[in-house]
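As provided, final.cif (mmCIF, C-alpha atoms) reads as follows.
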data_my_file
loop_
_atom_site.group_PDB
_atom_site.id
_atom_site.type_symbol
_atom_site.label_atom_id
_atom_site.label_comp_id
_atom_site.auth_asym_id
_atom_site.auth_seq_id
_atom_site.Cartn_x
_atom_site.Cartn_y
_atom_site.Cartn_z
ATOM 1 C CA MET S 24 -3.510 -14.936 -2.438
ATOM 2 C CA GLU S 25 -4.097 -13.448 -5.832
ATOM 3 C CA LEU S 26 -1.228 -11.672 -7.513
ATOM 4 C CA ILE S 27 -1.960 -7.937 -7.520
ATOM 5 C CA GLN S 28 -2.412 -6.184 -10.837
ATOM 6 C CA SER S 29 0.905 -4.299 -10.842
ATOM 7 C CA PHE S 30 2.773 -7.616 -10.513
ATOM 8 C CA SER S 31 1.105 -8.966 -13.672
ATOM 9 C CA VAL S 32 3.175 -6.591 -15.788
ATOM 10 C CA ASP S 33 6.219 -8.231 -17.333
ATOM 11 C CA HIS S 34 8.979 -6.237 -15.650
ATOM 12 C CA THR S 35 11.599 -7.832 -17.915
ATOM 13 C CA ARG S 36 10.011 -6.070 -20.893
ATOM 14 C CA ILE S 37 8.796 -2.768 -19.462
ATOM 15 C CA ILE S 38 10.405 0.414 -20.754
ATOM 16 C CA PRO S 39 10.195 3.974 -19.462
ATOM 17 C CA GLY S 40 6.844 5.555 -20.190
ATOM 18 C CA ILE S 41 3.376 6.491 -18.981
ATOM 19 C CA PHE S 42 1.098 3.536 -18.307
ATOM 20 C CA THR S 43 -2.324 2.865 -16.829
ATOM 21 C CA SER S 44 -1.682 0.633 -13.845
ATOM 22 C CA ARG S 45 -5.249 0.140 -12.612
ATOM 23 C CA ALA S 46 -8.706 1.700 -12.545
ATOM 24 C CA ASP S 47 -10.936 1.547 -9.496
ATOM 25 C CA ARG S 48 -14.480 2.488 -8.670
ATOM 26 C CA LEU S 49 -14.941 3.958 -5.185
ATOM 27 C CA GLY S 50 -18.668 4.405 -4.733
ATOM 28 C CA GLU S 51 -19.757 7.082 -7.165
ATOM 29 C CA TYR S 52 -16.136 8.027 -7.941
ATOM 30 C CA SER S 53 -13.582 6.452 -10.197
ATOM 31 C CA VAL S 54 -9.833 6.809 -9.783
ATOM 32 C CA THR S 55 -7.030 5.650 -12.017
ATOM 33 C CA THR S 56 -3.498 4.800 -10.995
ATOM 34 C CA TYR S 57 -0.773 5.532 -13.533
ATOM 35 C CA ASP S 58 2.744 4.130 -13.608
ATOM 36 C CA ILE S 59 5.204 6.855 -14.576
ATOM 37 C CA ARG S 60 8.263 4.712 -15.236
ATOM 38 C CA LEU S 61 11.609 6.483 -15.593
ATOM 39 C CA LYS S 62 13.912 3.445 -15.583
ATOM 40 C CA ARG S 63 13.881 -0.083 -17.004
ATOM 41 C CA PRO S 64 13.302 -2.389 -14.037
ATOM 42 C CA ASN S 65 16.130 -4.784 -13.219
ATOM 43 C CA ARG S 66 18.234 -3.442 -16.110
ATOM 44 C CA GLU S 67 19.091 0.152 -15.275
ATOM 45 C CA PRO S 68 20.348 1.607 -12.028
ATOM 46 C CA VAL S 69 17.486 2.878 -9.887
ATOM 47 C CA ILE S 70 16.951 6.565 -9.217
ATOM 48 C CA ASP S 71 19.108 8.004 -6.453
ATOM 49 C CA VAL S 72 16.972 8.061 -3.302
ATOM 50 C CA GLY S 73 17.659 11.746 -2.575
ATOM 51 C CA ALA S 74 16.804 12.677 -6.160
ATOM 52 C CA MET S 75 13.656 10.544 -6.000
ATOM 53 C CA HIS S 76 12.580 12.360 -2.847
ATOM 54 C CA SER S 77 13.259 15.744 -4.457
ATOM 55 C CA LEU S 78 11.336 14.782 -7.608
ATOM 56 C CA GLU S 79 8.443 13.684 -5.419
ATOM 57 C CA HIS S 80 8.289 17.116 -3.754
ATOM 58 C CA ILE S 81 8.829 19.143 -6.941
ATOM 59 C CA ILE S 82 6.394 17.284 -9.174
ATOM 60 C CA ALA S 83 3.711 16.841 -6.494
ATOM 61 C CA THR S 84 3.834 20.604 -5.954
ATOM 62 C CA TYR S 85 3.724 21.237 -9.713
ATOM 63 C CA LEU S 86 0.743 18.919 -10.267
ATOM 64 C CA ARG S 87 -1.217 20.279 -7.327
ATOM 65 C CA ASN S 88 -0.721 23.836 -8.582
ATOM 66 C CA ASP S 89 -1.550 23.243 -12.237
ATOM 67 C CA PRO S 90 -4.843 25.105 -12.800
ATOM 68 C CA ASP S 91 -6.233 22.447 -15.148
ATOM 69 C CA TRP S 92 -5.229 19.400 -13.081
ATOM 70 C CA LYS S 93 -4.943 20.356 -9.402
ATOM 71 C CA ASN S 94 -8.479 19.221 -8.569
ATOM 72 C CA GLU S 95 -7.916 15.872 -10.269
ATOM 73 C CA VAL S 96 -4.730 14.847 -8.451
ATOM 74 C CA VAL S 97 -5.214 12.376 -5.610
ATOM 75 C CA TYR S 98 -1.605 11.234 -5.166
ATOM 76 C CA TRP S 99 1.913 11.496 -6.594
ATOM 77 C CA GLY S 100 4.595 9.350 -5.001
ATOM 78 C CA PRO S 101 7.600 7.107 -5.620
ATOM 79 C CA MET S 102 7.571 3.408 -6.335
ATOM 80 C CA GLY S 103 9.322 1.316 -3.733
ATOM 81 C CA CYS S 104 11.633 -0.091 -6.414
ATOM 82 C CA LEU S 105 12.836 3.464 -7.227
ATOM 83 C CA THR S 106 12.251 3.092 -10.965
ATOM 84 C CA GLY S 107 9.352 5.539 -11.209
ATOM 85 C CA PHE S 108 6.285 7.114 -9.642
ATOM 86 C CA TYR S 109 2.603 6.450 -9.181
ATOM 87 C CA LEU S 110 0.112 9.129 -10.122
ATOM 88 C CA ILE S 111 -3.476 8.668 -8.977
ATOM 89 C CA LEU S 112 -6.106 10.856 -10.616
ATOM 90 C CA LYS S 113 -9.854 11.180 -10.324
ATOM 91 C CA GLY S 114 -11.611 9.752 -13.360
ATOM 92 C CA SER S 115 -9.951 8.025 -16.272
ATOM 93 C CA ARG S 116 -7.697 9.292 -18.995
ATOM 94 C CA THR S 117 -5.432 7.580 -21.434
ATOM 95 C CA PRO S 118 -1.678 7.745 -20.867
ATOM 96 C CA ARG S 119 -1.420 9.788 -24.075
ATOM 97 C CA GLU S 120 -3.742 12.395 -22.557
ATOM 98 C CA LEU S 121 -1.324 12.734 -19.622
ATOM 99 C CA TYR S 122 1.714 13.124 -21.865
ATOM 100 C CA PRO S 123 1.615 16.969 -22.130
ATOM 101 C CA LEU S 124 1.083 17.386 -18.383
ATOM 102 C CA LEU S 125 3.910 15.041 -17.425
ATOM 103 C CA LEU S 126 6.306 16.399 -20.028
ATOM 104 C CA SER S 127 5.631 19.881 -18.678
ATOM 105 C CA ALA S 128 6.052 18.697 -15.061
ATOM 106 C CA PHE S 129 9.410 17.063 -15.739
ATOM 107 C CA LYS S 130 10.626 20.088 -17.710
ATOM 108 C CA ALA S 131 9.654 22.292 -14.771
ATOM 109 C CA ALA S 132 11.508 19.943 -12.421
ATOM 110 C CA ALA S 133 14.588 20.189 -14.644
ATOM 111 C CA ASP S 134 14.504 23.966 -14.133
ATOM 112 C CA ALA S 135 13.692 23.922 -10.407
ATOM 113 C CA ARG S 136 15.728 26.247 -8.204
ATOM 114 C CA GLU S 137 14.658 24.655 -4.927
ATOM 115 C CA VAL S 138 12.831 21.685 -3.456
ATOM 116 C CA PRO S 139 9.465 22.817 -2.090
ATOM 117 C CA GLY S 140 8.769 21.761 1.475
ATOM 118 C CA ALA S 141 12.341 20.626 2.214
ATOM 119 C CA THR S 142 12.400 21.954 5.767
ATOM 120 C CA PRO S 143 12.221 20.147 9.108
ATOM 121 C CA GLU S 144 8.707 21.554 9.607
ATOM 122 C CA ASN S 145 7.430 20.300 6.242
ATOM 123 C CA CYS S 146 9.277 17.057 5.515
ATOM 124 C CA GLY S 147 9.883 13.820 7.398
ATOM 125 C CA HIS S 148 13.462 13.519 6.145
ATOM 126 C CA TYR S 149 14.327 17.016 4.937
ATOM 127 C CA ARG S 150 18.051 16.288 4.613
ATOM 128 C CA MET S 151 17.465 13.448 2.151
ATOM 129 C CA HIS S 152 17.187 15.580 -0.979
ATOM 130 C CA ASN S 153 19.381 15.904 -4.035
ATOM 131 C CA LEU S 154 18.170 18.736 -6.250
ATOM 132 C CA ASP S 155 21.024 18.538 -8.770
ATOM 133 C CA MET S 156 20.434 14.833 -9.426
ATOM 134 C CA ALA S 157 16.657 15.348 -9.486
ATOM 135 C CA LYS S 158 17.122 17.931 -12.219
ATOM 136 C CA TRP S 159 19.372 15.539 -14.136
ATOM 137 C CA TYR S 160 16.760 12.731 -14.005
ATOM 138 C CA ALA S 161 14.003 15.188 -14.923
ATOM 139 C CA ARG S 162 15.946 16.374 -17.999
ATOM 140 C CA GLU S 163 16.687 12.778 -18.971
ATOM 141 C CA PHE S 164 13.042 11.690 -18.727
ATOM 142 C CA ALA S 165 11.686 14.804 -20.485
ATOM 143 C CA ALA S 166 14.118 14.253 -23.369
ATOM 144 C CA TYR S 167 13.107 10.575 -23.514
ATOM 145 C CA LEU S 168 9.408 11.479 -23.639
ATOM 146 C CA GLU S 169 10.022 13.989 -26.434
ATOM 147 C CA ALA S 170 12.137 11.544 -28.444
ATOM 148 C CA ASN S 171 9.519 8.788 -28.072
ATOM 149 C CA ALA S 172 6.277 10.771 -28.375
ATOM 150 C CA GLU S 173 5.191 8.721 -31.388
ATOM 151 C CA ASN S 174 6.283 5.376 -29.919
ATOM 152 C CA GLY S 175 3.099 3.647 -28.741
ATOM 153 C CA ASP S 176 5.120 1.283 -26.550
ATOM 154 C CA ILE S 177 5.698 4.068 -24.008
ATOM 155 C CA PHE S 178 1.937 4.120 -23.389
ATOM 156 C CA GLU S 179 1.143 0.370 -23.265
ATOM 157 C CA TYR S 180 2.225 -2.044 -20.545
ATOM 158 C CA PRO S 181 3.831 -5.278 -21.714
ATOM 159 C CA GLN S 182 1.651 -7.898 -20.023
ATOM 160 C CA ALA S 183 3.154 -11.055 -18.573
ATOM 161 C CA GLU S 184 1.788 -14.152 -20.217
ATOM 162 C CA ARG S 185 0.366 -16.620 -17.709
ATOM 163 C CA LEU S 186 -0.261 -20.223 -18.582
ATOM 164 C CA ILE S 187 -3.434 -21.797 -17.212
ATOM 165 C CA THR S 188 -3.230 -25.448 -16.153
ATOM 166 C CA ALA S 189 -5.890 -28.010 -17.056
ATOM 167 C CA GLU S 190 -7.261 -27.530 -13.537
ATOM 168 C CA GLY S 191 -7.662 -23.790 -14.148
ATOM 169 C CA HIS S 192 -4.726 -22.635 -12.007
ATOM 170 C CA SER S 193 -2.430 -19.849 -13.159
ATOM 171 C CA PHE S 194 1.179 -20.829 -13.720
ATOM 172 C CA TYR S 195 3.669 -18.119 -12.876
ATOM 173 C CA ASP S 196 7.105 -18.393 -14.449
ATOM 174 C CA SER S 197 8.929 -16.267 -11.889
#
Have the structure of the file written as structure tokens, please.
Amino acid sequence: MELIQSFSVDHTRIIPGIFTSRADRLGEYSVTTYDIRLKRPNREPVIDVGAMHSLEHIIATYLRNDPDWKNEVVYWGPMGCLTGFYLILKGSRTPRELYPLLLSAFKAAADAREVPGATPENCGHYRMHNLDMAKWYAREFAAYLEANAENGDIFEYPQAERLITAEGHSFYDS
């Protein structure tokens, strides 16, 4: 099997940021998946699962209510590794174009007073929320984005280098 695109990113070098993960054409539509990385993979502790769940609810609600973006949002959800989120949007934009939206979303999450949809009727695991920690992670990431706004590395994936054998096979070092 071919290695999927998100596994071709060098996770030993990735830093928190906003990255284009992949772009797909679905008939007449195009969608782009973005990697919103809050933690350095394999180097920092992952996001608390309750906080991750709360951030998912808060930011998904924020994005789907933003008047300029709500019709563009296809999906907002956590990465299985708990180091960030995936955002899928209609069309294609650069990570820099998403910067103001995501900074605003994380600032709003830092000020949240409740977790939307955290009831047994609305959520599959409504007790697994941690609003206080979600706000802490949101503040941390918003401050990081502001401090690194001019750092191009937070918008460009570090690609893993793959050697090609004489027979044309990819050599993976991991």
With 6 Å as the cut-off and all atoms listed in the file counted, what is the closest atom pair between each nearby residue of segment 89-146 of chain S and segment 52-58 of chain S? Distances in Å to one decimal, ordered by chain and number, as a tab-separated table.
residue	atom	partner	partner_atom	distance
S:Tyr109	CA	S:Asp58	CA	5.0
S:Leu110	CA	S:Tyr57	CA	5.0
S:Ile111	CA	S:Thr56	CA	4.4
S:Leu112	CA	S:Thr55	CA	5.5
S:Lys113	CA	S:Val54	CA	4.4
S:Gly114	CA	S:Val54	CA	5.0
S:Ser115	CA	S:Thr55	CA	5.7
Using all atoms listed in the file, can you list as an MDAnalysis selection string the residues within 12 Å of (-2.1, 13.7, -19.1)? chainID S and resid 41:43 55 57 59 86 89 91:92 95:96 110:128 178
Can you pull out every residue within 10 Å of segment 71-77 of chain S, counting only C-alpha atoms, but drop anything in the same chain fewer than 4 positions away, and send it as a ChimeraX atom specification? /S:81-83,100-102,105-108,132,137-141,148-161
Would you place a box with edges along x, y and z of the file around all atoms of segment 160-179 of chain S listed there, add 6 Å to each of its six sides, and report the centre and edge lengths in Å to one decimal, as lines of an AutoDock Vina configuration file?
center_x = 9.0
center_y = 8.4
center_z = -22.7
size_x = 27.6
size_y = 28.0
size_z = 29.4
In Å, how far is it from atom CA of Lys130 of chain S to atom CA of Ala166 of chain S?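 Between these atoms lies a distance of 8.8 Å.
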What do you get, as a list in words, if you spell out every residue that the PyMOL selection byres ((chain S and resi 167) around 12) selects here? Ile38, Pro39, Gly40, Ile41, Arg60, Leu61, Lys62, Tyr122, Leu125, Leu126, Phe129, Lys130, Tyr160, Ala161, Arg162, Glu163, Phe164, Ala165, Ala166, Leu168, Glu169, Ala170, Asn171, Ala172, Glu173, Asn174 and Ile177 of chain S
Dump C-alpha atoms for the selected residues as a compact mmCIF listing (two decimals), keeping the file's coordinate frame?
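Contents of selection.txt, freshly written:
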# COMPACT_ATOMS: atom_id res chain seq x y z
CA ILE S 38 10.40 0.41 -20.75
CA PRO S 39 10.20 3.97 -19.46
CA GLY S 40 6.84 5.56 -20.19
CA ILE S 41 3.38 6.49 -18.98
CA ARG S 60 8.26 4.71 -15.24
CA LEU S 61 11.61 6.48 -15.59
CA LYS S 62 13.91 3.44 -15.58
CA TYR S 122 1.71 13.12 -21.86
CA LEU S 125 3.91 15.04 -17.42
CA LEU S 126 6.31 16.40 -20.03
CA PHE S 129 9.41 17.06 -15.74
CA LYS S 130 10.63 20.09 -17.71
CA TYR S 160 16.76 12.73 -14.00
CA ALA S 161 14.00 15.19 -14.92
CA ARG S 162 15.95 16.37 -18.00
CA GLU S 163 16.69 12.78 -18.97
CA PHE S 164 13.04 11.69 -18.73
CA ALA S 165 11.69 14.80 -20.48
CA ALA S 166 14.12 14.25 -23.37
CA LEU S 168 9.41 11.48 -23.64
CA GLU S 169 10.02 13.99 -26.43
CA ALA S 170 12.14 11.54 -28.44
CA ASN S 171 9.52 8.79 -28.07
CA ALA S 172 6.28 10.77 -28.38
CA GLU S 173 5.19 8.72 -31.39
CA ASN S 174 6.28 5.38 -29.92
CA ILE S 177 5.70 4.07 -24.01
Hey, can you check how far atom CA of Gly175 of chain S sits from atom CA of Glu67 of chain S?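 So the answer is 21.2 Å.
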